[in-house]
Protein chains: 2
Amino acid sequence: MDILDLIESRASYRGAYAETPVPREHLDAILRAGCAAPSGCNKQTTSFIAVDEPALLDELKAIVMPRIGDTAPAWILVLTRPIVAYRDRVFNVQDYSAAIENMLLEIKALGYESCWYEGHVTDDDDLGGQLARRLGVPEEYRLVCVLPVGVPAEPVKRVRKLPVEERVWYNGFGK
Amino acid sequence: MDILDLIESRASYRGAYAETPVPREHLDAILRAGCAAPSGCNKQTTSFIAVDEPALLDELKAIVMPRIGDTAPAWILVLTRPIVAYRDRVFNVQDYSAAIENMLLEIKALGYESCWYEGHVTDDDDLGGQLARRLGVPEEYRLVCVLPVGVPAEPVKRVRKLPVEERVWYNGFGK
């Protein structure tokens with residue numbers, strides 16, 4: 001598949017998932033895509049926990065209310081550390097965002113769907129912290145994102161985007 | 001090309017570029033990849049200016065010291081606005097980072113190289129602001145990244161990454 005077609009066909013999927021499991025070999029490939037993302041000064045501030053053990057996954061799902069990715073057979077949890085790149089500059093948000101986008105593309109390429117759930121787990125009620133504690137994550141890491149992974153059981157809808165001419169110009173703003 | 005191969009072959013290229021121009025059709029494809037990235041609550045906070053007009057590009061290159069992407073025949077400048085996604089939550093760093101990663105992958109897929117130059121233009125000397133003013137960018141946008149685009153004239157080196165087992169686990173931290 002052409003990479004641009006893949007990039008443009010990716011959408012945030014919030015529907016139900018089929019029961020079809022995601023084999024480890026596919027999860028490994030998705031996680032490799034995450035690890036291969038660039039990071040500021042190569043600090044590799046992003047780490048990952050994949051969860052495919054059904055009882056554990058059910059426990060994690062019960063922590064997040066309102067529920068997300070509730071029928072997905074696997075979740076990938078994204079962890080970040082604010083490691084200094086140089087002087088006082090920290091790029092860990094950029095780092096994990098590039099890693100998440102890589103994983104979303106590899107998820108799509110393998111025939112699965114997902115959705116970037118971040119705001120819901122990093123809000124004041126600290127659901128990300130609760131998930132992290134259940135998984136034994138040390139304090140210096142912050143759990144910032146849940147990516148459900150699975151075969152979609154419902155049609156995938158794409159959101160409408162602004163016309164390109166409102167966001168893209170050549171050789172000057174608005175041109 | 002397999003998407004995972006593409007993702008894993010991408011590297012930050014800081015060498016010289018060949019004079020070969022980048023056709024508009026390729027720049028358009030790269031910018032489409034940027035626009036197709038997800039954004040928090042679909043706020044589409046990222047915009048783009050591609051520069052391929054030689055005299056203008058030389059002016060921009062002269063602003064950034066020490067010089068970056070100095071021999072590249074085109075630059076893509078990434079603009080962001082901190083638009084509120086909901087309540088007090090803003091995801092514009094995540095949004096532009098996903099867009100940059102998409103563009104880096106499409107750049108690579110088309111046979112070009114690039115490098116994510118962010119810290120250098122968003123530092124205290126505000127080189128990004130100087131570039132933005134030269135391009136007529138309104139105050140509400142911030143110019144956060146330069147992506148040179150071109151055919152590499154030197155070998156591409158990949159950085160060493162940590163072993164996967166230091167960053168990736170299954171069903172619990174460190175497992």
# chains A, B, ... in the order shown; residues from 1 in each chain; ligands from 1
call {"tool": "select_by_dssp", "arguments": {"residues": "segment 74-157 of chain B", "states": "strand (DSSP E)", "output": "list of chain:residue names"}}
result
B:Ala74, B:Trp75, B:Ile76, B:Leu77, B:Val78, B:Leu79, B:Thr80, B:Val84, B:Ala85, B:Tyr86, B:Arg89, B:Val90, B:Arg142, B:Leu143, B:Val144, B:Cys145, B:Val146, B:Leu147, B:Pro148, B:Val149
call {"tool": "interface_residues", "arguments": {"of": "chain A", "to": "chain B", "cutoff": "7 Å", "atoms": "only C-alpha atoms", "output": "ChimeraX atom specification"}}
result
/A:3-4,7-8,33,36,47-53,93-94,97-98,101,106,135-137,167-173
call {"tool": "write_last_selection", "arguments": {"atoms": "N, CA and C atoms", "output": "short mmCIF file (atom, residue, chain, number, x, y, z; two decimals), in the first residue's frame"}}
result
data_model
loop_
_atom_site.label_atom_id
_atom_site.label_comp_id
_atom_site.auth_asym_id
_atom_site.auth_seq_id
_atom_site.Cartn_x
_atom_site.Cartn_y
_atom_site.Cartn_z
N ILE A 3 2.25 4.72 0.98
CA ILE A 3 2.30 5.31 2.32
C ILE A 3 1.33 6.48 2.47
N LEU A 4 1.20 7.29 1.41
CA LEU A 4 0.28 8.43 1.51
C LEU A 4 -1.17 7.95 1.62
N ILE A 7 -1.57 6.86 5.19
CA ILE A 7 -1.66 8.03 6.08
C ILE A 7 -3.03 8.68 5.97
N GLU A 8 -3.54 8.79 4.74
CA GLU A 8 -4.82 9.48 4.54
C GLU A 8 -6.02 8.59 4.88
N ALA A 33 7.54 -0.04 15.50
CA ALA A 33 7.25 1.24 14.83
C ALA A 33 7.33 2.39 15.84
N ALA A 36 10.94 3.22 16.74
CA ALA A 36 11.74 3.79 15.64
C ALA A 36 11.49 5.27 15.42
N SER A 47 8.37 4.94 26.31
CA SER A 47 8.37 3.49 26.53
C SER A 47 6.94 2.98 26.35
N PHE A 48 6.80 1.67 26.31
CA PHE A 48 5.52 1.09 25.93
C PHE A 48 5.22 -0.17 26.74
N ILE A 49 3.96 -0.31 27.14
CA ILE A 49 3.51 -1.60 27.69
C ILE A 49 2.32 -2.07 26.87
N ALA A 50 2.43 -3.23 26.25
CA ALA A 50 1.30 -3.84 25.56
C ALA A 50 0.61 -4.79 26.52
N VAL A 51 -0.71 -4.77 26.51
CA VAL A 51 -1.48 -5.65 27.39
C VAL A 51 -2.40 -6.51 26.54
N ASP A 52 -2.20 -7.83 26.62
CA ASP A 52 -3.07 -8.75 25.89
C ASP A 52 -3.52 -9.91 26.78
N GLU A 53 -3.23 -9.82 28.05
CA GLU A 53 -3.64 -10.85 29.00
C GLU A 53 -5.07 -10.48 29.43
N VAL A 93 7.02 15.38 24.85
CA VAL A 93 5.68 15.35 24.23
C VAL A 93 5.82 15.12 22.72
N GLN A 94 6.77 15.85 22.11
CA GLN A 94 7.03 15.62 20.69
C GLN A 94 7.41 14.16 20.45
N SER A 97 4.51 11.72 20.77
CA SER A 97 3.50 11.94 19.72
C SER A 97 3.95 11.34 18.39
N ALA A 98 5.23 11.49 18.07
CA ALA A 98 5.75 10.87 16.84
C ALA A 98 5.68 9.34 16.95
N GLU A 101 2.02 8.27 16.42
CA GLU A 101 1.62 8.32 15.00
C GLU A 101 2.21 7.14 14.24
N GLU A 106 1.20 1.75 11.64
CA GLU A 106 1.48 0.31 11.56
C GLU A 106 0.24 -0.51 11.95
N LEU A 135 0.11 -1.44 36.76
CA LEU A 135 1.11 -2.12 35.92
C LEU A 135 2.51 -2.06 36.52
N GLY A 136 2.64 -1.48 37.72
CA GLY A 136 3.93 -1.43 38.39
C GLY A 136 4.90 -0.42 37.79
N VAL A 137 4.36 0.62 37.17
CA VAL A 137 5.22 1.61 36.51
C VAL A 137 5.83 2.54 37.56
N ARG A 167 -4.68 25.68 5.30
CA ARG A 167 -3.60 25.21 6.17
C ARG A 167 -2.24 25.13 5.49
N VAL A 168 -2.21 25.21 4.16
CA VAL A 168 -0.97 24.97 3.42
C VAL A 168 -0.72 26.10 2.43
N TRP A 169 0.47 26.66 2.49
CA TRP A 169 0.81 27.75 1.56
C TRP A 169 2.22 27.56 1.04
N TYR A 170 2.53 28.30 -0.05
CA TYR A 170 3.87 28.26 -0.66
C TYR A 170 4.50 29.64 -0.63
N ASN A 171 5.72 29.70 -0.11
CA ASN A 171 6.55 30.90 -0.20
C ASN A 171 5.95 32.14 0.47
N GLY A 172 5.14 31.92 1.49
CA GLY A 172 4.61 33.04 2.27
C GLY A 172 3.28 32.67 2.88
N PHE A 173 2.93 33.30 4.00
CA PHE A 173 1.66 32.97 4.67
C PHE A 173 0.48 33.34 3.80
#
call {"tool": "atom_distance", "arguments": {"atom1": "atom CA of Lys108 of chain B", "atom2": "atom CA of Val156 of chain A"}}
result
28.0 Å
call {"tool": "select_by_dssp", "arguments": {"residues": "segment 2-169 of chain A", "states": "helix (DSSP H, G or I)", "output": "count of residues only"}}
result
61
call {"tool": "residues_around", "arguments": {"residues": "Met65 of chain B", "least_positions_apart": "5", "cutoff": "10 Å", "atoms": "only C-alpha atoms", "output": "ChimeraX atom specification"}}
result
/B:120-121,127
call {"tool": "write_last_selection", "arguments": {"atoms": "N, CA, C and O atoms", "output": "PDB file, in the first residue's frame"}}
result
ATOM      1  N   HIS B 120      16.383  24.362  17.702  1.00  0.00           N
ATOM      2  CA  HIS B 120      17.218  25.435  17.169  1.00  0.00           C
ATOM      3  C   HIS B 120      16.386  26.677  16.813  1.00  0.00           C
ATOM      4  O   HIS B 120      16.861  27.813  16.942  1.00  0.00           O
ATOM      5  N   VAL B 121      15.156  26.485  16.362  1.00  0.00           N
ATOM      6  CA  VAL B 121      14.337  27.634  15.939  1.00  0.00           C
ATOM      7  C   VAL B 121      13.380  28.128  17.025  1.00  0.00           C
ATOM      8  O   VAL B 121      12.770  29.185  16.877  1.00  0.00           O
ATOM      9  N   LEU B 127      14.614  32.460  16.508  1.00  0.00           N
ATOM     10  CA  LEU B 127      14.827  32.393  15.056  1.00  0.00           C
ATOM     11  C   LEU B 127      13.519  32.048  14.340  1.00  0.00           C
ATOM     12  O   LEU B 127      13.255  32.557  13.249  1.00  0.00           O
TER      13      LEU B 127
END
call {"tool": "atom_distance", "arguments": {"atom1": "atom CA of Ser114 of chain B", "atom2": "atom CA of Leu147 of chain B"}}
result
6.0 Å
call {"tool": "closest_residue", "arguments": {"among": "A:Pro73, A:Leu131, A:Asp124, A:Tyr112", "to": "Glu154 of chain A", "atoms": "only C-alpha atoms"}}
result
A:Tyr112
